[in-house]
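Chemist: Right, I'll just put the structure down here and ask away after.
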Amino acid sequence: MNPSYITLFILLLSTTTLAQQNQAFEMSVENIMRDPLWMGSFPSNPEWSEDDTKFYFHWNPEKALSDSLYEYALESKKIRKVSLKEQKEFIPKTGNWNKAKTQKVFSKHGDLYLYNQDKSTRQLLQTNEYEGSPYFSFDDKKIIFSKGDNLYTLDLQDGFIAQLTNFKSGSEPPKAQEEENQNIQEQWLAQEELNLMKVLQQKEEEKEISKEAQEKNKEKPKRPKSIYTGSQNLTYKSLSPDAQYVIFQLSQETGDNQKTIVPSYVRSSGFTEDLNARPNVGRFVNEYKTGIYDLLNDTVYYANTENLPNINEWSKYWISEDDLKLKKENNEPKPIYISRPIWSEGGTNALVIIQSLDNKDRWIALLEPSTGNIKNLNHQHDEAWIGGPGISQWRPYPNMNGVGWLPDNEHVWFQSEESGYSHLYITNIHTGKTKQLTKGKYEVFQPQISKDKQHWYFTSSEDDSGQRHFYKMPLMGGKAEKLTSLKGNNQVTLSPNETYLLIRHSYSNQPWEIYLQKNAPNVKPVQITFSTSEEFKSYQWREPEIVQFQAEDKQMVTARLYHPQQAQAKGPAVIFVHGAGYLQNAHQWWSHYFREYMFHNLLVDLGYTVLDIDYRASAGYGRDWRTGIYRHMGGKDLSDQVDGAKYLAKEYDIDPDKIGIYGGSYGGFITIMALFQYPETFACGAALRSVTDWAHYNHEYTSNILNLPYIDSTAYRQSSPIYFAENLKNPLLMCHGMIDRNVHFQDVVRLSQRLIELGKDNWELAVYPLEGHGFQEPSSWTDEYKRILKLFEENLK
């Protein structure tokens with residue numbers, strides 16, 4: 001080939017590639033809903049190396065099929081991709097250090113390894129069985145680990161392995177019966193024979209003497225006591241630092257635990273296959289029992305909770321009236337869950353979180369292992385349900401990140417919503433005196449104690465409910481010093497020596513990037529990653545305005561507002577309803593709903609005003625906001641949408657007859673309720689993957705808010721759209737993935753049948769055979785949002 005042609009070809013190829021890279025973004029549903037890599041690859045999961053010299057994160061600038069691990073070295077200030085070979089040689093982040101931080105024990109592929117400060121690694125065990133959860137004994141001389149349901153120790157000096165527990169499933173076998181089953185005749189004949197025959201008498205006596213001697217001379221090696229769990233499951237086991245006590249928990253399933261089935265119609269086999277899914281709310285609740293095995297005295301006994309305040313106060317929405325009366329008469333304690341203990345640094349005290357299974361009470365307490373007695377330190381009761389940042393709201397496993405010991409081993413710290421917002425508290429275990437360390441109408445997240453044990457580090461919303469910053473505060477309380485300065489959300493990972501802040505940051509219209517900053521206030525952070533594509537940057541993505549409007553009960557509601565600069569008089573509007581219920585979206589960082597954010601930009605381009613409301617039950621606004629939907633989903637959370645529509649009409653000259661609504665999951669539920677109960681407010685709606693009957697949703701989430709359907713049927717009926725279907729007047733679009741194992745496809749099928757029976761014809765159902773709760777395929781996203789846009793264009797303009 002002529003060299004000039006080759007040169008021309010390369011030049012044309014380079015020009016085409018450059019044009020593609022610098023291509024201006026063209027706003028359309030198809031372009032928004034492409035594989036998100038078109039926007040760029042945004043770094044995630046940042047973490048430091050053990051030696052503080054570098055940090056790692058997941059990234060995909062090459063637009064491969066999945067993210068890869070990248071490294072940034074502080075000395076060279078360069079980013080490089082970490083090979084798979086290098087990753088295999090990494091010391092796992094899981095595992096535990098000894099007190100001097102010179103050795104780390106970890107489990108890899110079911111075997112135990114020991115990492116030394118000289119960077120050498122020694123394998124401790126290699127068996128066919130799985131050994132896991134290893135940690136150092138209190139004196140650092142042994143490794144404690146789990147194998148199956150039992151605990152073992154491995155002596156680091158001589159390699160001796162000892163079994164500490166012997167938990168066994170099933171029932172204890174019956175003891176051997178002595179041979180006393182002879183009938184009267186046989187007993188009489190045997191005794192007469194011995195009386196008559198002196199030689200036989202002598203042989204029997206010699207036999208007994210020999211048997212006793214053998215028993216005395218027989219060496220019985222020490223074995224742990226067999227603890228039979230019957231039909232119960234062993235939930236956890238924890239060895240005390242002095243190696244005298246094992247605290248364990250047994251769980252028993254109650255009810256039949258019948259799970260649901262989700263049919264999958266499009267499979268590579270060509271046949272319909274059934275996918276196993278969760279049980280429905282109220283189907284069963286586990287019962288728990290916490291025991292103590294005294295290794296020294298070889299005895300087993302159980303924790304005593306009878307002195308806990310409110311332990312006998314049953315919720316009237318959790319059991320029937322007759323059962324409630326009976327339990328009160330018998331002073332019967334309600335069922336609880338006791339967490340795995342957190343031992344004080346000296347190893348003398350065990351801190352536990354105790355949570356009632358109706359999730360209305362939480363106790364921070366000390367467990368005395370020698371007696372099983374429990375001493376209450378702090379009790380929080382909520383007529384709705386216990387929850388909030390740092391506080392477990394999902395039964396039955398409490399969040400252990402929001403509680404711990406202070407270095408003096410005389411105070412415990414925890415988070416509580418006692419003030420109305422989740423704040424940091426400490427309590428003296430001897431005097432019971434409690435002190436609130438942080439105060440105000442904001443929330444605290446992920447508190448941790450500094451390496452020098454003199455300060456707290458935590459994230460909070462003190463500056464702005466729509467932002468997150470990282471703070472440092474004296475250990476016993478005082479003024480908190482803000483360390484981060486970037487507007488938006490600052491997710492901080494401290495370096496092990498606490499010299500640097502590794503910040504994952506984003507803003508409303510700027511996706512996540514990684515920054516590095518010295519651990520000091522008023523220091524400008526250095527941006528490490530630059531991830532957004534040229535195409536993404538070519539469009540002027542809007543910074544939504546944060547607004548507030550007054551609800552019908554005089555509460556102020558926060559929302560994101562997208563408004564055209566040259567808005568027409570009496571123009572159309574759309575209200576977006578975020579999902580999850582307990583989630584914040586009217587904030588100033590890159591949204592989890594990034595596709596919806598871009599769709600809202602498209603709507604504004606087309607002349608719509610968009611309002612995205614943090615309605616009642618959203619996260620970020622304290623206890624009363626969080627529990628504002630107790631016993632009535634579709635109550636204040638729905639009226640907040642109605643008040644938002646009135647706000648748009650009054651403040652932005654929106655035509656009240658041209659307001660649509662849409663959302664997914666919980667947002668889909670609210671959308672359907674809005675069309676069923678407020679047809680005069682909403683001209684149309686698109687409901688995606690929606691709950692239509694809360695009696696068919698899961699137990700962990702639903703029972704917190706609506707209790708149990710067969711006890712509190714009023715709450716379920718007033719909260720479920722299927723009971724209000726006769727009120728549908730305006731166009732409704734429903735979209736649902738057919739293999740959704742969260743909100744089942746059955747939900748929308750049952751509502752569809754109800755609408756058919758009622759003779760409704762202004763609704764449409766779009767199904768997606770290969771999609772679950774969160775769509776994966778760009779084609780599905782595109783189809784769904786083209787339908788939503790068509791609905792709005794046809795009904796709001």
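The way I read the labels, and the way they are meant: chains A, B, ... in the order of the structure tokens, residue 1 as the first residue of every chain, and ligand 1 as the first ligand shown, with later ones counted on from there.
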Would you please extract all alpha helix (DSSP H) residues from range 441-690 of chain A, as assigned by DSSP on the backbone, and give them as a PyMOL selection string?

Modeler: chain A and resi 534-537+594-605+623-626+636-651+666-677

Chemist: Residues near Leu675 in chain A, anyone? I mean within 7 Å using only C-alpha atoms, not counting same-chain ones fewer than 6 positions away, as a list in words.

Modeler: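 The neighbour list is Phe682, Gly685, Leu728 and Asn730 of chain A.
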
Chemist: With only C-alpha atoms as the counted atoms, please give the residues lying no more than 8 Å from Val444 in chain A, apart from itself and same-chain residues fewer than 3 positions off, as a list in words.

Modeler: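 With the cut-off at 8 Å, the set is Pro389, Ser422, His423, Leu424, Pro447, Phe458, Thr459, Ser460 and Ser461 of chain A.
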
Chemist: Using DSSP secondary structure from the backbone, list all strand (DSSP E) positions within range 509-575 of chain A, as a VMD selection string.

Modeler: chain A and resid 510 to 518 526 to 527 545 to 550 556 to 562 571 to 575

Chemist: Next, dump the selected residues to file, keeping only C-alpha atoms, as a PDB file, in the first residue's frame.

Modeler:
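What landed in again-v1.pdb:
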```
ATOM      1  CA  GLN A 510     -20.299  16.286  40.050  1.00  0.00           C
ATOM      2  CA  PRO A 511     -19.855  12.513  40.438  1.00  0.00           C
ATOM      3  CA  TRP A 512     -17.485  10.872  42.905  1.00  0.00           C
ATOM      4  CA  GLU A 513     -13.753  11.543  42.850  1.00  0.00           C
ATOM      5  CA  ILE A 514     -10.913  10.808  45.272  1.00  0.00           C
ATOM      6  CA  TYR A 515      -9.014  13.561  47.094  1.00  0.00           C
ATOM      7  CA  LEU A 516      -6.104  13.485  49.524  1.00  0.00           C
ATOM      8  CA  GLN A 517      -5.688  15.918  52.406  1.00  0.00           C
ATOM      9  CA  LYS A 518      -3.405  16.352  55.405  1.00  0.00           C
ATOM     10  CA  VAL A 526      -5.641  17.505  46.323  1.00  0.00           C
ATOM     11  CA  GLN A 527      -7.747  15.791  43.654  1.00  0.00           C
ATOM     12  CA  GLU A 545     -31.867  24.241  44.227  1.00  0.00           C
ATOM     13  CA  ILE A 546     -32.558  23.097  47.794  1.00  0.00           C
ATOM     14  CA  VAL A 547     -35.944  24.515  48.833  1.00  0.00           C
ATOM     15  CA  GLN A 548     -38.360  24.136  51.735  1.00  0.00           C
ATOM     16  CA  PHE A 549     -42.129  24.341  51.845  1.00  0.00           C
ATOM     17  CA  GLN A 550     -44.659  24.076  54.631  1.00  0.00           C
ATOM     18  CA  MET A 556     -41.046  22.290  56.891  1.00  0.00           C
ATOM     19  CA  VAL A 557     -40.295  19.834  54.085  1.00  0.00           C
ATOM     20  CA  THR A 558     -36.969  19.868  52.199  1.00  0.00           C
ATOM     21  CA  ALA A 559     -36.799  19.186  48.464  1.00  0.00           C
ATOM     22  CA  ARG A 560     -34.643  19.455  45.363  1.00  0.00           C
ATOM     23  CA  LEU A 561     -36.037  21.807  42.712  1.00  0.00           C
ATOM     24  CA  TYR A 562     -35.235  21.742  38.993  1.00  0.00           C
ATOM     25  CA  GLY A 571     -46.337  25.204  32.756  1.00  0.00           C
ATOM     26  CA  PRO A 572     -46.226  21.469  33.621  1.00  0.00           C
ATOM     27  CA  ALA A 573     -44.440  19.864  36.576  1.00  0.00           C
ATOM     28  CA  VAL A 574     -43.376  16.424  37.740  1.00  0.00           C
ATOM     29  CA  ILE A 575     -42.865  15.268  41.319  1.00  0.00           C
TER      30      ILE A 575
END
```

Chemist: With a cut-off of 9 Å, could you pull out the residues of range 665-726 of chain A touching range 634-642 of chain A and give me the nearest pair of atoms for each, distance in Å to one decimal, using only C-alpha atoms, ordered by chain and ascending number, as JSON lines?

Modeler:
```
{"residue": "A:Phe669", "atom": "CA", "partner": "A:Gly634", "partner_atom": "CA", "distance": 8.2}
{"residue": "A:Ile670", "atom": "CA", "partner": "A:Leu638", "partner_atom": "CA", "distance": 6.3}
{"residue": "A:Thr671", "atom": "CA", "partner": "A:Leu638", "partner_atom": "CA", "distance": 8.6}
{"residue": "A:Met673", "atom": "CA", "partner": "A:Gly634", "partner_atom": "CA", "distance": 6.5}
{"residue": "A:Ala674", "atom": "CA", "partner": "A:Leu638", "partner_atom": "CA", "distance": 6.7}
{"residue": "A:Tyr678", "atom": "CA", "partner": "A:Val642", "partner_atom": "CA", "distance": 7.9}
{"residue": "A:Thr681", "atom": "CA", "partner": "A:Val642", "partner_atom": "CA", "distance": 6.8}
{"residue": "A:Phe682", "atom": "CA", "partner": "A:Val642", "partner_atom": "CA", "distance": 8.4}
{"residue": "A:Gln718", "atom": "CA", "partner": "A:Gly634", "partner_atom": "CA", "distance": 7.8}
{"residue": "A:Ser719", "atom": "CA", "partner": "A:Gly634", "partner_atom": "CA", "distance": 5.6}
{"residue": "A:Ser720", "atom": "CA", "partner": "A:Gly634", "partner_atom": "CA", "distance": 7.9}
{"residue": "A:Pro721", "atom": "CA", "partner": "A:Gly634", "partner_atom": "CA", "distance": 8.6}
```

Chemist: Restricted to N, CA, C and O atoms, what would the selected residues look like written as a PDB file, in the first residue's frame?

Modeler:
```pdb
ATOM      1  N   PHE A 669     -44.960   2.914  45.172  1.00  0.00           N
ATOM      2  CA  PHE A 669     -46.098   2.769  46.084  1.00  0.00           C
ATOM      3  C   PHE A 669     -46.783   4.110  46.310  1.00  0.00           C
ATOM      4  O   PHE A 669     -48.019   4.220  46.217  1.00  0.00           O
ATOM      5  N   ILE A 670     -45.991   5.160  46.601  1.00  0.00           N
ATOM      6  CA  ILE A 670     -46.562   6.486  46.825  1.00  0.00           C
ATOM      7  C   ILE A 670     -47.261   6.997  45.568  1.00  0.00           C
ATOM      8  O   ILE A 670     -48.333   7.623  45.629  1.00  0.00           O
ATOM      9  N   THR A 671     -46.683   6.723  44.397  1.00  0.00           N
ATOM     10  CA  THR A 671     -47.294   7.162  43.144  1.00  0.00           C
ATOM     11  C   THR A 671     -48.676   6.556  42.964  1.00  0.00           C
ATOM     12  O   THR A 671     -49.647   7.249  42.610  1.00  0.00           O
ATOM     13  N   MET A 673     -50.652   5.316  45.328  1.00  0.00           N
ATOM     14  CA  MET A 673     -51.532   5.891  46.346  1.00  0.00           C
ATOM     15  C   MET A 673     -51.960   7.308  45.976  1.00  0.00           C
ATOM     16  O   MET A 673     -53.101   7.724  46.228  1.00  0.00           O
ATOM     17  N   ALA A 674     -51.048   8.074  45.361  1.00  0.00           N
ATOM     18  CA  ALA A 674     -51.367   9.445  44.966  1.00  0.00           C
ATOM     19  C   ALA A 674     -52.486   9.465  43.929  1.00  0.00           C
ATOM     20  O   ALA A 674     -53.433  10.260  44.027  1.00  0.00           O
ATOM     21  N   TYR A 678     -55.649  11.039  45.469  1.00  0.00           N
ATOM     22  CA  TYR A 678     -55.659  12.464  45.148  1.00  0.00           C
ATOM     23  C   TYR A 678     -55.710  12.680  43.627  1.00  0.00           C
ATOM     24  O   TYR A 678     -54.835  13.324  43.046  1.00  0.00           O
ATOM     25  N   THR A 681     -55.248  16.164  42.286  1.00  0.00           N
ATOM     26  CA  THR A 681     -53.932  16.796  42.379  1.00  0.00           C
ATOM     27  C   THR A 681     -52.985  16.306  41.298  1.00  0.00           C
ATOM     28  O   THR A 681     -52.198  17.091  40.747  1.00  0.00           O
ATOM     29  N   PHE A 682     -53.038  15.011  40.975  1.00  0.00           N
ATOM     30  CA  PHE A 682     -52.065  14.417  40.054  1.00  0.00           C
ATOM     31  C   PHE A 682     -52.760  13.942  38.785  1.00  0.00           C
ATOM     32  O   PHE A 682     -53.636  13.073  38.825  1.00  0.00           O
ATOM     33  N   GLN A 718     -55.035   0.492  55.577  1.00  0.00           N
ATOM     34  CA  GLN A 718     -54.989   1.915  55.252  1.00  0.00           C
ATOM     35  C   GLN A 718     -53.688   2.300  54.547  1.00  0.00           C
ATOM     36  O   GLN A 718     -53.571   3.403  54.017  1.00  0.00           O
ATOM     37  N   SER A 719     -52.735   1.360  54.503  1.00  0.00           N
ATOM     38  CA  SER A 719     -51.434   1.636  53.899  1.00  0.00           C
ATOM     39  C   SER A 719     -51.230   0.968  52.539  1.00  0.00           C
ATOM     40  O   SER A 719     -50.208   1.213  51.897  1.00  0.00           O
ATOM     41  N   SER A 720     -52.150   0.136  52.097  1.00  0.00           N
ATOM     42  CA  SER A 720     -51.932  -0.667  50.885  1.00  0.00           C
ATOM     43  C   SER A 720     -52.806  -0.193  49.736  1.00  0.00           C
ATOM     44  O   SER A 720     -54.042  -0.157  49.857  1.00  0.00           O
ATOM     45  N   PRO A 721     -52.202   0.172  48.597  1.00  0.00           N
ATOM     46  CA  PRO A 721     -52.965   0.698  47.455  1.00  0.00           C
ATOM     47  C   PRO A 721     -54.070  -0.225  46.953  1.00  0.00           C
ATOM     48  O   PRO A 721     -55.093   0.255  46.465  1.00  0.00           O
TER      49      PRO A 721
END
```

Chemist: Env of Lys453 in chain A: 10 Å cut, atoms = only C-alpha atoms, seq-sep filter 4 positions within chain, self excluded. Answer as a ChimeraX atom specification.

Modeler: /A:406-408,448-449,474-475
